[in-house]
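Shown next: model.txt, given as compact mmCIF, C-alpha atoms.
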```txt
# COMPACT_ATOMS: atom_id res chain seq x y z
CA MET A 1 159.59 -120.97 41.51
CA LEU A 2 160.59 -123.42 44.18
CA ARG A 3 163.29 -121.20 45.61
CA ARG A 4 164.92 -121.78 48.99
CA PHE A 5 162.75 -124.74 49.92
CA VAL A 6 164.39 -125.60 53.21
CA LEU A 7 166.56 -123.65 55.61
CA PHE A 8 169.49 -125.91 56.50
CA VAL A 9 172.05 -125.26 59.22
CA CYS A 10 175.20 -127.20 58.37
CA VAL A 11 178.12 -127.67 60.74
CA VAL A 12 181.42 -128.92 59.30
CA ILE A 13 183.47 -130.81 61.86
CA SER A 14 187.12 -129.95 61.30
CA GLY A 15 188.45 -132.66 63.58
CA THR A 16 189.52 -130.29 66.32
CA VAL A 17 188.35 -130.93 69.86
CA SER A 18 187.57 -127.24 70.40
CA LEU A 19 185.15 -127.04 67.47
CA TYR A 20 183.38 -130.25 68.41
CA SER A 21 183.09 -129.05 72.00
CA GLY A 22 181.55 -125.84 70.75
CA VAL A 23 178.90 -127.79 68.87
CA LEU A 24 178.04 -129.81 71.97
CA GLU A 25 177.85 -126.66 74.06
CA ALA A 26 175.50 -125.02 71.55
CA ARG A 27 173.28 -128.08 71.50
CA ALA A 28 173.21 -128.16 75.30
CA LYS A 29 171.68 -124.67 75.24
CA GLU A 30 168.85 -125.71 72.91
CA PRO A 31 165.44 -126.25 74.49
CA ALA A 32 164.96 -129.80 75.67
CA HIS A 33 162.51 -131.94 73.74
CA LYS A 34 160.41 -134.76 75.03
CA PRO A 35 161.61 -138.29 74.19
CA ILE A 36 160.54 -139.59 70.80
CA ASP A 37 160.48 -142.78 68.77
CA VAL A 38 161.90 -142.65 65.24
CA LEU A 39 160.82 -145.35 62.81
CA LEU A 40 163.25 -144.95 59.93
CA GLN A 41 162.38 -145.72 56.32
CA GLN A 42 159.23 -147.75 56.83
CA LYS A 43 158.29 -149.60 53.64
CA ILE A 44 154.86 -148.90 52.21
CA PRO A 45 153.51 -150.61 49.07
CA ALA A 46 152.15 -148.22 46.46
CA PRO A 47 149.07 -149.25 44.43
CA ASP A 48 151.35 -150.59 41.66
CA GLY A 49 153.51 -152.55 44.10
CA THR A 50 156.41 -150.09 44.25
CA LEU A 51 157.88 -149.91 47.76
CA LEU A 52 157.87 -146.38 49.13
CA ALA A 53 159.77 -145.22 52.21
CA ALA A 54 158.39 -143.11 55.01
CA THR A 55 160.01 -142.04 58.26
CA VAL A 56 157.87 -141.70 61.38
CA TRP A 57 158.51 -139.53 64.42
CA LYS A 58 156.16 -139.96 67.37
CA PRO A 59 156.10 -139.30 71.11
CA ASP A 60 157.81 -142.01 73.13
CA ALA A 61 154.73 -143.64 74.61
CA ASP A 62 153.86 -146.97 73.03
CA ASP A 63 150.57 -147.31 74.87
CA LYS A 64 149.06 -144.18 73.28
CA LYS A 65 147.76 -143.32 69.83
CA TYR A 66 148.48 -140.16 67.91
CA THR A 67 147.16 -138.09 65.04
CA ALA A 68 149.64 -138.12 62.16
CA ILE A 69 150.80 -135.09 60.18
CA LEU A 70 151.88 -136.30 56.74
CA VAL A 71 154.41 -134.59 54.47
CA VAL A 72 155.19 -135.82 50.95
CA THR A 73 158.60 -134.55 49.89
CA PRO A 74 161.12 -134.80 47.06
CA TYR A 75 163.88 -133.53 49.37
CA VAL A 76 164.51 -136.70 51.47
CA SER A 77 162.75 -137.12 54.80
CA ASP A 78 165.72 -136.33 57.02
CA GLU A 79 164.83 -132.68 56.44
CA ALA A 80 161.88 -133.08 58.82
CA GLN A 81 163.84 -134.08 61.92
CA SER A 82 163.76 -130.73 63.75
CA ARG A 83 160.17 -129.91 62.89
CA ALA A 84 159.02 -133.43 63.74
CA ARG A 85 160.38 -132.99 67.27
CA LEU A 86 158.23 -129.85 67.68
CA TYR A 87 155.15 -131.78 66.63
CA ALA A 88 155.97 -134.70 68.88
CA ASP A 89 156.31 -132.28 71.80
CA ARG A 90 152.74 -131.21 71.07
CA GLY A 91 151.44 -134.77 70.94
CA TYR A 92 151.43 -135.40 67.18
CA ALA A 93 153.21 -137.98 65.08
CA MET A 94 154.86 -136.79 61.88
CA VAL A 95 155.26 -138.97 58.81
CA SER A 96 157.45 -137.92 55.89
CA LEU A 97 157.08 -139.86 52.63
CA ASP A 98 159.92 -139.77 50.11
CA ARG A 99 158.85 -139.32 46.50
CA ARG A 100 159.57 -142.19 44.15
CA SER A 101 163.30 -142.72 43.57
CA ARG A 102 164.16 -140.24 46.33
CA GLY A 103 165.60 -141.27 49.67
CA ALA A 104 164.82 -144.93 50.27
CA SER A 105 161.74 -145.02 48.02
CA GLY A 106 161.76 -147.28 45.00
CA GLY A 107 160.37 -146.58 41.58
CA ASP A 108 161.42 -144.48 38.64
CA TYR A 109 162.57 -140.87 38.84
CA GLU A 110 159.42 -138.77 38.70
CA ILE A 111 159.11 -135.02 39.09
CA LEU A 112 155.86 -133.05 39.10
CA THR A 113 153.77 -136.17 38.60
CA ASP A 114 150.60 -136.97 40.51
CA VAL A 115 151.48 -138.26 43.97
CA GLY A 116 147.83 -138.68 44.97
CA PRO A 117 147.63 -142.49 44.74
CA ASP A 118 150.95 -142.97 46.59
CA ALA A 119 149.96 -140.52 49.33
CA CYS A 120 146.53 -142.09 49.76
CA ALA A 121 148.11 -145.54 50.10
CA THR A 122 150.42 -144.06 52.74
CA ILE A 123 147.43 -142.66 54.62
CA ASP A 124 145.85 -146.13 54.66
CA TRP A 125 149.12 -147.52 56.02
CA ILE A 126 149.26 -144.85 58.73
CA LYS A 127 145.70 -145.53 59.86
CA ALA A 128 146.55 -149.23 60.25
CA GLN A 129 149.54 -148.63 62.54
CA PRO A 130 149.22 -149.43 66.26
CA TRP A 131 150.38 -145.92 67.21
CA SER A 132 147.77 -144.17 65.00
CA ASP A 133 144.44 -142.83 66.24
CA GLY A 134 143.12 -143.02 62.67
CA LEU A 135 143.34 -139.28 61.96
CA VAL A 136 145.69 -137.88 59.30
CA ALA A 137 146.35 -134.27 58.30
CA MET A 138 148.94 -132.79 55.93
CA ARG A 139 151.30 -129.83 55.88
CA GLY A 140 154.29 -128.55 53.92
CA GLY A 141 155.42 -125.82 51.57
CA SER A 142 156.35 -125.37 47.93
CA TYR A 143 156.49 -128.82 46.28
CA ARG A 144 155.08 -130.22 49.52
CA GLY A 145 152.14 -127.84 49.17
CA MET A 146 151.41 -129.17 45.70
CA THR A 147 151.41 -132.76 46.98
CA GLN A 148 148.69 -131.85 49.45
CA TRP A 149 146.41 -130.64 46.67
CA MET A 150 147.11 -133.80 44.69
CA THR A 151 146.24 -135.93 47.71
CA ALA A 152 143.11 -133.96 48.56
CA SER A 153 141.90 -134.31 44.98
CA THR A 154 142.36 -138.11 45.15
CA CYS A 155 141.13 -139.15 48.61
CA PRO A 156 139.74 -136.13 50.50
CA GLU A 157 137.65 -138.36 52.74
CA LYS A 158 140.83 -139.76 54.30
CA LEU A 159 142.12 -136.37 55.46
CA GLU A 160 141.12 -134.21 58.42
CA THR A 161 142.68 -130.99 57.12
CA ILE A 162 145.59 -129.67 55.04
CA ILE A 163 147.89 -126.61 55.15
CA PRO A 164 149.22 -126.10 51.60
CA THR A 165 151.87 -123.37 51.79
CA ALA A 166 153.47 -121.52 48.85
CA SER A 167 152.07 -124.32 46.70
CA VAL A 168 153.57 -125.08 43.32
CA TYR A 169 150.98 -125.28 40.54
CA PRO A 170 152.85 -126.91 37.63
CA GLY A 171 152.84 -124.75 34.55
CA HIS A 172 150.00 -122.46 35.55
CA ASP A 173 151.72 -119.08 35.91
CA ASP A 174 154.14 -120.84 38.20
CA PHE A 175 156.88 -123.47 37.93
CA PRO A 176 158.60 -124.45 35.64
CA LEU A 177 156.93 -122.00 33.26
CA GLY A 178 157.79 -118.46 34.29
CA ARG A 179 154.90 -116.03 34.21
CA GLY A 180 153.70 -117.21 30.83
CA GLN A 181 156.98 -116.39 29.08
CA GLY A 182 158.69 -119.75 28.89
CA SER A 183 161.08 -121.16 31.39
CA TYR A 184 164.38 -120.06 32.89
CA LYS A 185 167.76 -121.45 33.89
CA TYR A 186 166.82 -121.85 37.53
CA ILE A 187 164.94 -125.05 36.68
CA ALA A 188 168.27 -126.78 35.96
CA GLN A 189 169.51 -125.66 39.35
CA TRP A 190 166.44 -127.08 41.06
CA LEU A 191 166.60 -130.35 39.13
CA SER A 192 170.17 -130.78 40.35
CA PHE A 193 168.82 -130.53 43.91
CA VAL A 194 166.53 -133.52 43.46
CA ALA A 195 168.76 -135.62 41.18
CA GLY A 196 169.34 -139.18 42.36
CA PRO A 197 168.26 -140.63 45.72
CA THR A 198 170.17 -138.27 48.02
CA SER A 199 170.03 -134.56 48.83
CA ASN A 200 172.28 -132.31 46.74
CA PHE A 201 171.60 -129.22 48.81
CA ASN A 202 175.17 -127.92 48.91
CA LEU A 203 175.37 -127.86 45.11
CA PHE A 204 171.92 -126.29 44.90
CA ALA A 205 172.87 -123.58 47.39
CA ASP A 206 176.23 -122.67 45.80
CA GLN A 207 175.12 -119.37 44.29
CA ASP A 208 178.63 -118.52 43.08
CA TYR A 209 178.65 -121.66 40.93
CA TRP A 210 175.23 -121.02 39.44
CA HIS A 211 175.97 -117.35 38.77
CA GLU A 212 179.20 -118.27 36.98
CA ARG A 213 177.42 -120.89 34.87
CA THR A 214 174.65 -118.46 33.99
CA MET A 215 177.01 -115.69 32.94
CA THR A 216 179.30 -118.00 30.97
CA SER A 217 176.36 -119.49 29.10
CA TYR A 218 175.15 -115.99 28.29
CA ARG A 219 178.53 -114.76 27.07
CA THR A 220 179.04 -117.84 24.88
CA HIS A 221 175.50 -117.75 23.45
CA LEU A 222 174.76 -121.25 24.72
CA PRO A 223 171.37 -122.51 23.49
CA PHE A 224 168.91 -122.94 26.35
CA HIS A 225 168.28 -126.62 25.60
CA GLN A 226 171.99 -127.35 26.25
CA TYR A 227 172.08 -125.70 29.64
CA ASP A 228 171.40 -128.87 31.67
CA ALA A 229 174.47 -130.60 30.25
CA PHE A 230 176.49 -127.40 30.62
CA VAL A 231 175.90 -127.35 34.39
CA GLY A 232 176.87 -131.01 34.71
CA HIS A 233 173.45 -132.62 34.89
CA PRO A 234 172.04 -133.82 31.55
CA SER A 235 168.39 -134.29 32.41
CA PRO A 236 165.56 -135.94 30.47
CA VAL A 237 163.17 -133.98 32.70
CA PHE A 238 164.79 -130.68 31.68
CA GLN A 239 164.59 -131.68 28.02
CA GLY A 240 160.95 -132.64 28.42
CA TRP A 241 160.14 -129.29 29.96
CA VAL A 242 161.97 -127.46 27.16
CA GLU A 243 159.72 -129.20 24.67
CA THR A 244 156.61 -127.88 26.44
CA LEU A 245 157.63 -124.22 26.51
CA SER A 246 155.85 -123.43 23.28
CA ASP A 247 152.74 -125.32 24.36
CA PRO A 248 151.72 -124.34 27.92
CA ALA A 249 148.40 -126.18 27.44
CA LYS A 250 150.28 -129.44 27.94
CA TRP A 251 150.42 -128.55 31.63
CA ASP A 252 146.64 -128.59 31.88
CA VAL A 253 146.91 -132.21 33.02
CA TYR A 254 147.68 -130.75 36.47
CA THR A 255 144.42 -128.80 36.61
CA ILE A 256 142.17 -130.18 39.32
CA ALA A 257 138.65 -130.86 38.03
CA PRO A 258 135.80 -128.78 39.50
CA GLU A 259 134.11 -131.89 40.84
CA ALA A 260 137.30 -132.85 42.69
CA TYR A 261 137.36 -129.45 44.39
CA GLY A 262 133.71 -129.94 45.24
CA ALA A 263 134.49 -133.24 46.95
CA MET A 264 137.05 -131.65 49.27
CA ASP A 265 134.88 -131.53 52.37
CA LEU A 266 137.70 -130.64 54.73
CA PRO A 267 139.15 -127.47 56.27
CA ILE A 268 142.03 -125.93 54.30
CA LEU A 269 144.54 -123.28 55.31
CA SER A 270 146.42 -121.79 52.35
CA ILE A 271 149.49 -119.66 53.03
CA THR A 272 151.47 -117.48 50.62
CA GLY A 273 153.39 -114.21 50.58
CA HIS A 274 153.34 -110.94 48.68
CA TYR A 275 156.85 -111.79 47.40
CA ASP A 276 156.41 -115.54 47.18
CA GLY A 277 157.66 -116.89 43.86
CA ASP A 278 154.84 -119.45 43.96
CA GLN A 279 152.11 -116.97 44.84
CA GLY A 280 150.54 -117.57 41.43
CA GLY A 281 150.24 -121.25 42.24
CA ALA A 282 148.94 -120.79 45.79
CA LEU A 283 146.29 -118.28 44.69
CA GLY A 284 145.48 -120.39 41.64
CA TYR A 285 144.44 -123.29 43.85
CA PHE A 286 142.55 -120.95 46.18
CA ARG A 287 140.60 -119.25 43.39
CA GLN A 288 139.73 -122.49 41.63
CA HIS A 289 138.54 -124.07 44.86
CA GLN A 290 136.42 -121.00 45.60
CA GLU A 291 134.90 -121.11 42.12
CA SER A 292 134.21 -124.86 42.09
CA ALA A 293 133.29 -125.90 45.62
CA PRO A 294 129.83 -125.42 47.16
CA ARG A 295 129.58 -122.46 49.52
CA SER A 296 129.57 -124.62 52.65
CA LYS A 297 132.87 -126.19 51.61
CA ARG A 298 134.64 -123.12 50.30
CA ARG A 299 133.89 -121.30 53.57
CA GLN A 300 136.17 -123.85 55.24
CA HIS A 301 139.09 -122.58 53.17
CA TYR A 302 141.19 -119.92 54.91
CA LEU A 303 143.99 -117.85 53.37
CA VAL A 304 146.94 -116.05 54.97
CA MET A 305 149.12 -113.76 52.83
CA GLY A 306 151.99 -111.98 54.56
CA PRO A 307 154.88 -109.74 53.46
CA TRP A 308 157.11 -112.74 52.86
CA ASP A 309 159.17 -114.29 50.11
CA HIS A 310 159.07 -118.01 49.32
CA SER A 311 161.09 -119.22 52.29
CA GLY A 312 159.40 -116.64 54.51
CA THR A 313 156.11 -118.49 54.20
CA ARG A 314 157.71 -121.15 56.43
CA ALA A 315 159.89 -118.82 58.52
CA PRO A 316 158.42 -115.29 58.42
CA ARG A 317 160.91 -112.49 58.89
CA GLN A 318 160.42 -108.83 59.69
CA LYS A 319 163.18 -107.79 57.29
CA LEU A 320 162.70 -108.81 53.67
CA SER A 321 165.92 -107.21 52.39
CA ASP A 322 168.38 -104.46 53.24
CA ASP A 323 165.94 -101.94 51.80
CA THR A 324 162.62 -103.47 52.88
CA GLU A 325 161.59 -103.96 56.48
CA PHE A 326 158.18 -104.27 58.10
CA ALA A 327 156.87 -103.94 61.63
CA PRO A 328 157.47 -106.73 64.18
CA ASN A 329 153.94 -108.04 63.60
CA ALA A 330 155.03 -109.25 60.13
CA ALA A 331 157.00 -112.09 61.70
CA PHE A 332 155.73 -114.89 63.91
CA ASP A 333 156.35 -118.56 64.60
CA MET A 334 154.79 -120.29 61.60
CA ASP A 335 155.24 -123.78 63.05
CA GLN A 336 153.33 -122.66 66.14
CA PHE A 337 150.60 -121.17 63.92
CA ASN A 338 150.34 -124.41 61.93
CA MET A 339 149.99 -126.43 65.11
CA GLU A 340 147.34 -124.04 66.43
CA TRP A 341 145.38 -124.67 63.23
CA PHE A 342 145.64 -128.44 63.70
CA ASP A 343 144.64 -128.12 67.36
CA TRP A 344 141.59 -126.08 66.38
CA GLN A 345 140.46 -128.40 63.60
CA LEU A 346 140.91 -131.48 65.81
CA GLY A 347 139.04 -129.99 68.75
CA ARG A 348 142.14 -129.53 70.88
CA GLY A 349 142.32 -125.75 71.07
CA PRO A 350 140.74 -122.42 70.09
CA LYS A 351 140.72 -120.79 66.69
CA PRO A 352 144.09 -119.14 65.90
CA THR A 353 144.00 -115.45 66.78
CA LEU A 354 145.05 -114.32 63.29
CA LEU A 355 141.96 -115.92 61.76
CA ARG A 356 139.30 -114.67 64.15
CA LYS A 357 138.42 -111.48 62.24
CA GLY A 358 137.94 -113.09 58.84
CA ARG A 359 138.90 -116.18 56.88
CA ILE A 360 141.35 -114.18 54.73
CA ALA A 361 144.17 -112.45 56.60
CA PHE A 362 146.50 -110.22 54.58
CA TYR A 363 149.29 -107.88 55.60
CA MET A 364 149.02 -104.28 54.48
CA GLY A 365 152.42 -102.64 54.04
CA GLY A 366 152.81 -98.94 54.70
CA VAL A 367 150.42 -99.05 57.63
CA ASN A 368 152.03 -102.35 58.70
CA GLU A 369 148.91 -104.06 59.92
CA TRP A 370 147.01 -107.28 59.38
CA ARG A 371 143.63 -106.84 57.73
CA HIS A 372 140.86 -109.31 57.11
CA ALA A 373 138.21 -110.14 54.55
CA GLU A 374 135.75 -112.91 53.81
CA ASP A 375 136.40 -113.03 50.07
CA LEU A 376 139.48 -112.40 47.97
CA ASP A 377 137.81 -109.69 45.88
CA ALA A 378 137.07 -107.69 49.04
CA ILE A 379 140.81 -107.09 49.53
CA THR A 380 140.82 -104.62 46.62
CA GLN A 381 139.34 -101.27 47.65
CA ARG A 382 139.65 -99.58 44.25
CA THR A 383 141.08 -100.05 40.77
CA GLN A 384 142.94 -97.55 38.62
CA THR A 385 143.86 -97.44 34.96
CA LEU A 386 147.44 -96.40 34.21
CA PHE A 387 148.95 -95.37 30.87
CA ILE A 388 152.43 -96.06 29.53
CA SER A 389 154.25 -92.82 28.93
CA ALA A 390 157.78 -91.40 28.54
CA GLN A 391 159.57 -88.15 27.96
CA PRO A 392 161.64 -87.78 24.77
CA ASP A 393 164.66 -90.10 24.82
CA GLU A 394 163.58 -91.53 28.18
CA ALA A 395 162.58 -95.04 27.11
CA TYR A 396 165.58 -96.69 25.52
CA ASP A 397 166.09 -100.02 27.29
CA VAL A 398 164.31 -102.43 29.61
CA PHE A 399 165.66 -100.70 32.74
CA ARG A 400 164.71 -97.19 31.61
CA SER A 401 161.41 -97.88 29.97
CA GLY A 402 159.33 -94.84 30.87
CA GLN A 403 156.60 -94.56 33.46
CA LEU A 404 153.00 -95.33 34.26
CA ALA A 405 150.88 -92.18 34.24
CA ALA A 406 147.41 -91.57 35.64
CA ASN A 407 146.36 -89.75 32.47
CA ALA A 408 146.98 -90.46 28.82
CA THR A 409 149.28 -88.10 26.92
CA ASP A 410 147.81 -87.00 23.58
CA ASN A 411 149.93 -87.27 20.45
CA GLU A 412 152.92 -88.70 22.28
CA THR A 413 155.66 -89.82 19.92
CA PRO A 414 156.29 -93.57 20.10
CA HIS A 415 159.59 -94.65 21.60
CA SER A 416 161.68 -97.58 20.47
CA PHE A 417 164.93 -99.28 21.33
CA LYS A 418 166.88 -102.20 19.98
CA SER A 419 167.64 -105.26 22.06
CA ASP A 420 170.25 -107.54 20.56
CA PRO A 421 170.67 -110.83 22.47
CA LEU A 422 174.10 -111.29 20.83
CA ASP A 423 175.36 -107.98 22.16
CA ILE A 424 177.22 -108.91 25.34
CA SER A 425 179.25 -105.72 25.60
CA ARG A 426 177.78 -104.95 29.04
CA ALA A 427 177.85 -108.51 30.39
```

Can I see the file as structure tokens?
Amino acid sequence: MLRRFVLFVCVVISGTVSLYSGVLEARAKEPAHKPIDVLLQQKIPAPDGTLLAATVWKPDADDKKYTAILVVTPYVSDEAQSRARLYADRGYAMVSLDRRSRGASGGDYEILTDVGPDACATIDWIKAQPWSDGLVAMRGGSYRGMTQWMTASTCPEKLETIIPTASVYPGHDDFPLGRGQGSYKYIAQWLSFVAGPTSNFNLFADQDYWHERTMTSYRTHLPFHQYDAFVGHPSPVFQGWVETLSDPAKWDVYTIAPEAYGAMDLPILSITGHYDGDQGGALGYFRQHQESAPRSKRRQHYLVMGPWDHSGTRAPRQKLSDDTEFAPNAAFDMDQFNMEWFDWQLGRGPKPTLLRKGRIAFYMGGVNEWRHAEDLDAITQRTQTLFISAQPDEAYDVFRSGQLAANATDNETPHSFKSDPLDISRA
């Protein structure tokens, strides 16, 4: 569902000396980074001649060559500044490619289209740079996870490894189709985030605005197809998605062919969470790769699934909500873990500790421990059939809809309730 893609820390300078001094003091306390070179908005020709823009961060040592970690993003490459410094400290270069029409990239506005050819052309450009050692890997979450799968299905031989995290799988029990039941108003909110060449994060993150728009549209019975204009962003993309709601098969164009999975002869680390809105997408890619790739190749595919929501797959937290908290082992430095994976795959370090007991690591709530398996089916210890049941007058709306019982109740009287979308008396 592409929720909370990036955690931004925004400081508003009020013009007062005291506030500005406070910012400088806070920055002075941050850990020192090694010097870096930043190559801003490098122009890269796409296969069709469109000029794409990529920003490069690399250690400040012109006489050395570095492995590049590529990210393909719709959110404008400036988002990568802090993380790129971490990678440069570890001896990697980071390259962030802006999607077409985003940031400084040319081309037409395109969302959820195949970035494979553009990314592969970018990889060729990276390998030709004087600072490159010829090795390229990829990382990134949500939309940036999807772009890794698109790239790996186009030119897997050009990649050393990928870490697709909370990966969007367009239409397939994921975004923008919601669990097989059509779409939802959040897609207009997300499209406002990536509208035009710049970042519209503040609008995207203004939950009060979006809640007010949602409730007003509900109370006034606004047709769904008018919602994009109602929130101030008439969108041909939104209208195109509305037209596909009754025909989910149109999204099958995003299905990766079995032979493409079979050609992915590279190590893969998939990451998702129990509460990740894009879990369906992340596991969809994992399952299809496991079904289609030869055994020797699918054994290179690792999976980590923690007790995290969508943003938690990039920044795991011990506390999921006010009512849900796990043990301290639920949270760890995901950037560090990603870099340990790259180190291992590139022969620079040992296998990450979390992956040493099995290629699938999953967090078991209740006992609050990490467990391991070699295959996804081995995670399930048992199955149980449950029956829908309710006491008289118990099931009368969607919030009080009965219970799931271990045993069927004979001769139970059917329950029914009326749901009137035009009844807004409780809104």

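CA of Phe175 in chain A lies 17.5 Å from CA of Tyr227 in chain A.
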
Who sits within 12 Å of Met150 in chain A, all atoms listed in the file, same chain under 5 positions skipped, as a ChimeraX atom specification: /A:72,112-120,138,143-145,155-156,162,164,167-170,253-257,260-261,264,285

Please, could you write that set of residues out with C-alpha atoms as a PDB file, in the frame of the given file?
```
ATOM      1  CA  VAL A  72     155.190-135.820  50.950  1.00  0.00           C
ATOM      2  CA  LEU A 112     155.860-133.050  39.100  1.00  0.00           C
ATOM      3  CA  THR A 113     153.770-136.170  38.600  1.00  0.00           C
ATOM      4  CA  ASP A 114     150.600-136.970  40.510  1.00  0.00           C
ATOM      5  CA  VAL A 115     151.480-138.260  43.970  1.00  0.00           C
ATOM      6  CA  GLY A 116     147.830-138.680  44.970  1.00  0.00           C
ATOM      7  CA  PRO A 117     147.630-142.490  44.740  1.00  0.00           C
ATOM      8  CA  ASP A 118     150.950-142.970  46.590  1.00  0.00           C
ATOM      9  CA  ALA A 119     149.960-140.520  49.330  1.00  0.00           C
ATOM     10  CA  CYS A 120     146.530-142.090  49.760  1.00  0.00           C
ATOM     11  CA  MET A 138     148.940-132.790  55.930  1.00  0.00           C
ATOM     12  CA  TYR A 143     156.490-128.820  46.280  1.00  0.00           C
ATOM     13  CA  ARG A 144     155.080-130.220  49.520  1.00  0.00           C
ATOM     14  CA  GLY A 145     152.140-127.840  49.170  1.00  0.00           C
ATOM     15  CA  CYS A 155     141.130-139.150  48.610  1.00  0.00           C
ATOM     16  CA  PRO A 156     139.740-136.130  50.500  1.00  0.00           C
ATOM     17  CA  ILE A 162     145.590-129.670  55.040  1.00  0.00           C
ATOM     18  CA  PRO A 164     149.220-126.100  51.600  1.00  0.00           C
ATOM     19  CA  SER A 167     152.070-124.320  46.700  1.00  0.00           C
ATOM     20  CA  VAL A 168     153.570-125.080  43.320  1.00  0.00           C
ATOM     21  CA  TYR A 169     150.980-125.280  40.540  1.00  0.00           C
ATOM     22  CA  PRO A 170     152.850-126.910  37.630  1.00  0.00           C
ATOM     23  CA  VAL A 253     146.910-132.210  33.020  1.00  0.00           C
ATOM     24  CA  TYR A 254     147.680-130.750  36.470  1.00  0.00           C
ATOM     25  CA  THR A 255     144.420-128.800  36.610  1.00  0.00           C
ATOM     26  CA  ILE A 256     142.170-130.180  39.320  1.00  0.00           C
ATOM     27  CA  ALA A 257     138.650-130.860  38.030  1.00  0.00           C
ATOM     28  CA  ALA A 260     137.300-132.850  42.690  1.00  0.00           C
ATOM     29  CA  TYR A 261     137.360-129.450  44.390  1.00  0.00           C
ATOM     30  CA  MET A 264     137.050-131.650  49.270  1.00  0.00           C
ATOM     31  CA  TYR A 285     144.440-123.290  43.850  1.00  0.00           C
TER      32      TYR A 285
END
```

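Counting only C-alpha atoms, the residue from A:Leu346, A:Ala121, A:Ile271, A:Ile424 that sits nearest to Tyr66 in chain A is A:Leu346.
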
Would you write out, as CSV, a table of all residues in range 35-152 of chain A that have an atom no more than 10 Å from an atom of range 229-248 of chain A, listing for each the closest atom pair and the distance in Å to one decimal, considering all atoms listed in the file and ordering rows by chain and rising residue number?
```
residue,atom,partner,partner_atom,distance
A:Tyr109,CA,A:Val237,CA,9.2
A:Glu110,CA,A:Val237,CA,8.5
A:Ile111,CA,A:Val237,CA,7.6
A:Leu112,CA,A:Val237,CA,9.8
```

Spatial neighbours of range 32-43 of chain A, 9 Å, only C-alpha atoms, chain gap at least 4 places, as a list of chain:residue names: A:Ala28, A:Leu51, A:Leu52, A:Ala53, A:Ala54, A:Thr55, A:Val56, A:Trp57, A:Lys58, A:Pro59, A:Asp60, A:Ala61, A:Asp62, A:Ser77, A:Arg85, A:Leu86, A:Ala88, A:Asp89, A:Leu97, A:Asp98, A:Gly103, A:Ala104, A:Ser105

What's around Thr413 in chain A at 10 Å? Count all atoms listed in the file, leave out sequence neighbours fewer than 4 positions away in its own chain, and write the answer as an mmCIF file with C-alpha atoms, in the frame of the given file.
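Written out: around00.cif:
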```cif
data_model
loop_
_atom_site.group_PDB
_atom_site.id
_atom_site.type_symbol
_atom_site.label_atom_id
_atom_site.label_comp_id
_atom_site.auth_asym_id
_atom_site.auth_seq_id
_atom_site.Cartn_x
_atom_site.Cartn_y
_atom_site.Cartn_z
ATOM 1 C CA SER A 389 154.250 -92.820 28.930
ATOM 2 C CA ALA A 390 157.780 -91.400 28.540
ATOM 3 C CA GLN A 391 159.570 -88.150 27.960
ATOM 4 C CA PRO A 392 161.640 -87.780 24.770
ATOM 5 C CA THR A 409 149.280 -88.100 26.920
#
```

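Among A:Glu369, A:Asp173, A:Glu374, A:Asp343, the residue with the shortest atom-to-atom distance to Phe326 in chain A, counting only C-alpha atoms, is A:Glu369.
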
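In this comparison, which uses all atoms listed in the file, the residue of A:Pro130, A:Gly365, A:Gly349, A:Gly306 approaching Glu325 in chain A most closely is A:Gly365.
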
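With CA of Gln279 in chain A on one side and CA of Ser311 in chain A on the other, the separation reads 11.9 Å.
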
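If you look at CA of Tyr87 in chain A and CA of Asp133 in chain A, they are 15.4 Å away from each other.
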
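Residues with any atom within 8 Å of Ser132 in chain A, counting all atoms listed in the file and excluding same-chain neighbours fewer than 4 positions away, are Lys65, Tyr66, Thr67, Ala68, Ile126, Lys127 and Ala128 of chain A.
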
Contacts of range 333-340 of chain A within 8 Å, only C-alpha atoms, excl. fewer than 2 positions in-chain, as a PDB file with C-alpha atoms, in the coordinates of the input:
```pdb
ATOM      1  CA  ARG A  83     160.170-129.910  62.890  1.00  0.00           C
ATOM      2  CA  TYR A  87     155.150-131.780  66.630  1.00  0.00           C
ATOM      3  CA  ILE A 163     147.890-126.610  55.150  1.00  0.00           C
ATOM      4  CA  THR A 313     156.110-118.490  54.200  1.00  0.00           C
ATOM      5  CA  ARG A 314     157.710-121.150  56.430  1.00  0.00           C
ATOM      6  CA  ALA A 315     159.890-118.820  58.520  1.00  0.00           C
ATOM      7  CA  PRO A 316     158.420-115.290  58.420  1.00  0.00           C
ATOM      8  CA  ALA A 331     157.000-112.090  61.700  1.00  0.00           C
ATOM      9  CA  PHE A 342     145.640-128.440  63.700  1.00  0.00           C
ATOM     10  CA  ASP A 343     144.640-128.120  67.360  1.00  0.00           C
ATOM     11  CA  TRP A 344     141.590-126.080  66.380  1.00  0.00           C
ATOM     12  CA  GLY A 349     142.320-125.750  71.070  1.00  0.00           C
ATOM     13  CA  PRO A 350     140.740-122.420  70.090  1.00  0.00           C
ATOM     14  CA  LYS A 351     140.720-120.790  66.690  1.00  0.00           C
ATOM     15  CA  PRO A 352     144.090-119.140  65.900  1.00  0.00           C
TER      16      PRO A 352
END
```
